[in-house]
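Asker: Input: one structure, supplied below.
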Amino acid sequence: MPADLSPLWISLKTALLATFVTFFLGISTAYWMLRYRGKAKSLIEGIFVSPLILPPTVVGFLLLLFFGRNGPVGKLMEPFNFSIVFTWYGAAIAAIVVSFPLMYKTALGTFEQIDPKLLQVARTLGASEWVGFWRVTFPLGLPGILAGTTLAFARALGEFGATLMLAGNIPGQTQTITMAIYFAVESGAMDEAWFWSVVIIVTSLSGIIGVNFWQELRQERRKVRYKSRTSHQTNECVLINPTHLLNTHGGLIVDIEKKLPGFHLQVCFATDNQTLGLLGGSGAGKSMILRCIAGIETPTKGQIILNGRVLFDSQRGINLPSRDRRVGLLVQNYALFPHMTLAQNIAFGLPKQLSKSAIKQEIESQLILMQLEGLGDRYPHQLSGGQQQRVALARALASQPEALLLDEPFSALDTHLRSQLEQQMIGILREYQGISLFVTHNMEEAYRVCPNLLVMEQGREVHHGSRYEVFQHPNTVSVAQLTGCKNVSRACSQASPIVEAIDWDCHLQVREPIPHSLAYVGIRAHQISFTDNPERENTFPCWLVRSSETPHRMTLFLKLHSPPNNPQDYHLQAELFKEKWLRIMDRPSPWYVSLEPIRLMVMEG
């Protein structure tokens, strides 16, 4: 063992100071770069990681130019008779510069792996950027942050080239362990070089091993707590009794335009406390509307007003942050905070001024409401899909939002569970007194859940009305097709009430008023009937082209007037229950199909 142990103390205090600085500097820089969208991002990124790419001596030379007597910092400190070059401070600065990229890149990579929807939901629950970072981003990124911290410490401890250039090798002042090893080898003192090499290896590895051990221990403790907990089974099909309701009055007015590359959203609608379903195909703009209302996206122009409060107004320069909008958002994957228990998730959006007893009471109320009693200390990954959905809904309701935005809440569930939870959702929305918007691309789901519908296509509203009006009297062919109409023909008006179905090669009597710009006539597949009376109005001979079977229904592809030439030669699709199919399947051809006038829909283009 060498007599002078000063390299150990100098190295430790240098590395610890560098690690302390890079911990805060690296995390804050990474979080800033995560959200930065400027054109200079690539340039800034290159500057931050350059100490990893450049040789250490080059980094030390650049630091010497910057902090030297003729450098900008050196000149600034000259009046104070203070110099960084060839001092312990120089060694610390060199260690900070070379260890910063490891901390920065590790933290940035960790933050990029966190689902951005978690922060978006946190903001809708009233969390500021700082609260969202401290309670969501930082805890979720903690394992990666600790890994980056240990790497930064090890890099700072072993720094040689940049330190030698800026701080030199002054025994007792700037000589670190790596310096001691180098000059011990130069002087032939191999035992001393071995000693310092072992010290730096043990010191560097102990931090990494310690962090890994801590993470494994934490995971093991979680497993033990979960196994020791009494299993509490819940029945997924128990209906919720919606007793925890909100009392808000007013309505929602949305008149916005959002321009994106290749997409243009432009909608204008108003709704009250009856659930409004946003129905449309993928890419129609349904979820974008919710994101604009929640403040996650900013419209190009327009305004959003909720119960008399202006959430967004481009002309007046108003754009309330998500945390101030009092809007609850339920996204497709629920975005539960994975590092928080069920109870902590529910409590996240509760007002900070509530007492602990009031918070506990509210959590218990929500657990009872959602049929989740006894599960408050479980984590999201320990819950079923249906339980996770109910936790997300409870979390949104606990924050007492004036509007509840549901973005395809059943899309992640299997068919059986989806049906059960749909009934629970209908019960809650029926009693909920706030504004509720329900996004779906499933027409049957929209019909069951939502009294009113807004049909979207390519960023535009194509029909807005009650579900009965939208389904029974679609104003355009696109609305009819979006709502599941499989039989549409081009049409032209004859002497009222007769229209010609061009693609079906027939004339039809209709009950609906014929619009001036008539373009199509249609009938839904389940409204087609078969008859033994060929003299009935709108009755035509037909031949079965082919059929498609489901567990309970049959879809029949029918050709009117004459036998088909190939499997694709058909005019209509008819749907009927198998009991009806069994009664007609053995009848000789042709059959007679009836298109009842009251069932026919006349539409514009």
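Identifiers in the structure tokens: chain A, B, ... in order shown; residue index from 1 per chain; ligand index from 1 in order shown.
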Could you name the residues that touch A:Cys506 at 10 Å or less, counting only C-alpha atoms, but leaving out those on the same chain fewer than 3 positions away, as a CSV table (one decimal) with N, CA and C atoms, in the first residue's frame?

Answerer:
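Saved the output as out13.csv:
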```
chain,number,residue,atom,x,y,z
A,491,ALA,N,-79.1,5.8,-57.8
A,491,ALA,CA,-80.6,6.0,-58.0
A,491,ALA,C,-80.8,7.3,-58.7
A,499,VAL,N,-88.5,5.6,-57.5
A,499,VAL,CA,-87.1,5.9,-57.8
A,499,VAL,C,-86.6,4.7,-58.6
A,500,GLU,N,-85.6,4.9,-59.4
A,500,GLU,CA,-85.0,3.8,-60.2
A,500,GLU,C,-83.7,3.5,-59.5
A,501,ALA,N,-83.5,2.2,-59.1
A,501,ALA,CA,-82.3,1.7,-58.6
A,501,ALA,C,-81.4,1.2,-59.7
A,502,ILE,N,-80.5,2.0,-60.2
A,502,ILE,CA,-79.7,1.7,-61.4
A,502,ILE,C,-78.9,0.4,-61.3
A,503,ASP,N,-78.2,0.2,-60.2
A,503,ASP,CA,-77.4,-1.0,-60.0
A,503,ASP,C,-78.2,-2.2,-59.8
A,538,ASN,N,-92.6,-3.8,-54.6
A,538,ASN,CA,-91.1,-3.9,-54.4
A,538,ASN,C,-90.7,-5.4,-54.2
A,539,THR,N,-91.3,-6.3,-54.9
A,539,THR,CA,-91.0,-7.7,-54.7
A,539,THR,C,-90.4,-8.2,-56.0
A,540,PHE,N,-89.3,-8.9,-56.0
A,540,PHE,CA,-88.6,-9.4,-57.2
A,540,PHE,C,-88.1,-10.8,-57.0
A,560,LEU,N,-80.8,-10.5,-58.4
A,560,LEU,CA,-82.2,-10.2,-58.8
A,560,LEU,C,-82.4,-10.6,-60.3
A,561,HIS,N,-83.6,-11.0,-60.6
A,561,HIS,CA,-84.1,-11.1,-62.0
A,561,HIS,C,-83.6,-12.3,-62.8
```

Asker: Residues within 10 Å of A:Phe410, please, as an mmCIF file with C-alpha atoms, in the first residue's frame. Count only C-alpha atoms; anything in the same chain fewer than 5 positions from it doesn't count.

Answerer:
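Dumped to out24.cif:
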```cif
data_model
loop_
_atom_site.group_PDB
_atom_site.id
_atom_site.type_symbol
_atom_site.label_atom_id
_atom_site.label_comp_id
_atom_site.auth_asym_id
_atom_site.auth_seq_id
_atom_site.Cartn_x
_atom_site.Cartn_y
_atom_site.Cartn_z
ATOM 1 C CA VAL A 331 -57.566 6.340 -23.325
ATOM 2 C CA GLN A 332 -57.502 2.992 -25.100
ATOM 3 C CA ASN A 333 -54.775 1.362 -22.990
ATOM 4 C CA TYR A 334 -56.092 3.109 -19.818
ATOM 5 C CA GLY A 385 -58.183 -5.905 -18.288
ATOM 6 C CA GLY A 386 -61.678 -5.179 -17.009
ATOM 7 C CA GLN A 389 -60.547 -0.181 -17.202
ATOM 8 C CA THR A 415 -65.628 -9.947 -26.751
ATOM 9 C CA LEU A 417 -65.681 -8.988 -21.171
ATOM 10 C CA ARG A 418 -66.391 -6.156 -23.576
ATOM 11 C CA SER A 419 -70.118 -6.900 -23.478
ATOM 12 C CA LEU A 421 -68.308 -3.800 -19.143
ATOM 13 C CA GLU A 422 -70.295 -2.059 -21.836
ATOM 14 C CA MET A 425 -70.481 1.904 -18.736
ATOM 15 C CA THR A 440 -65.736 4.308 -31.322
ATOM 16 C CA GLU A 445 -71.420 -0.226 -29.798
#
```

Asker: Find, counting only C-alpha atoms, the residue in A:Ala480, A:Ile114, A:Leu558, A:Val85 that gets nearest to A:Leu142.

Answerer: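 Of all the options, A:Ile114 lies closest to A:Leu142.
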
Asker: Smallest atom-to-atom distance to A:Met601: which of A:Ile523, A:Ile318, A:Ile528, A:Met554, using only C-alpha atoms?

Answerer: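 Result for the nearest residue to A:Met601: A:Ile523.
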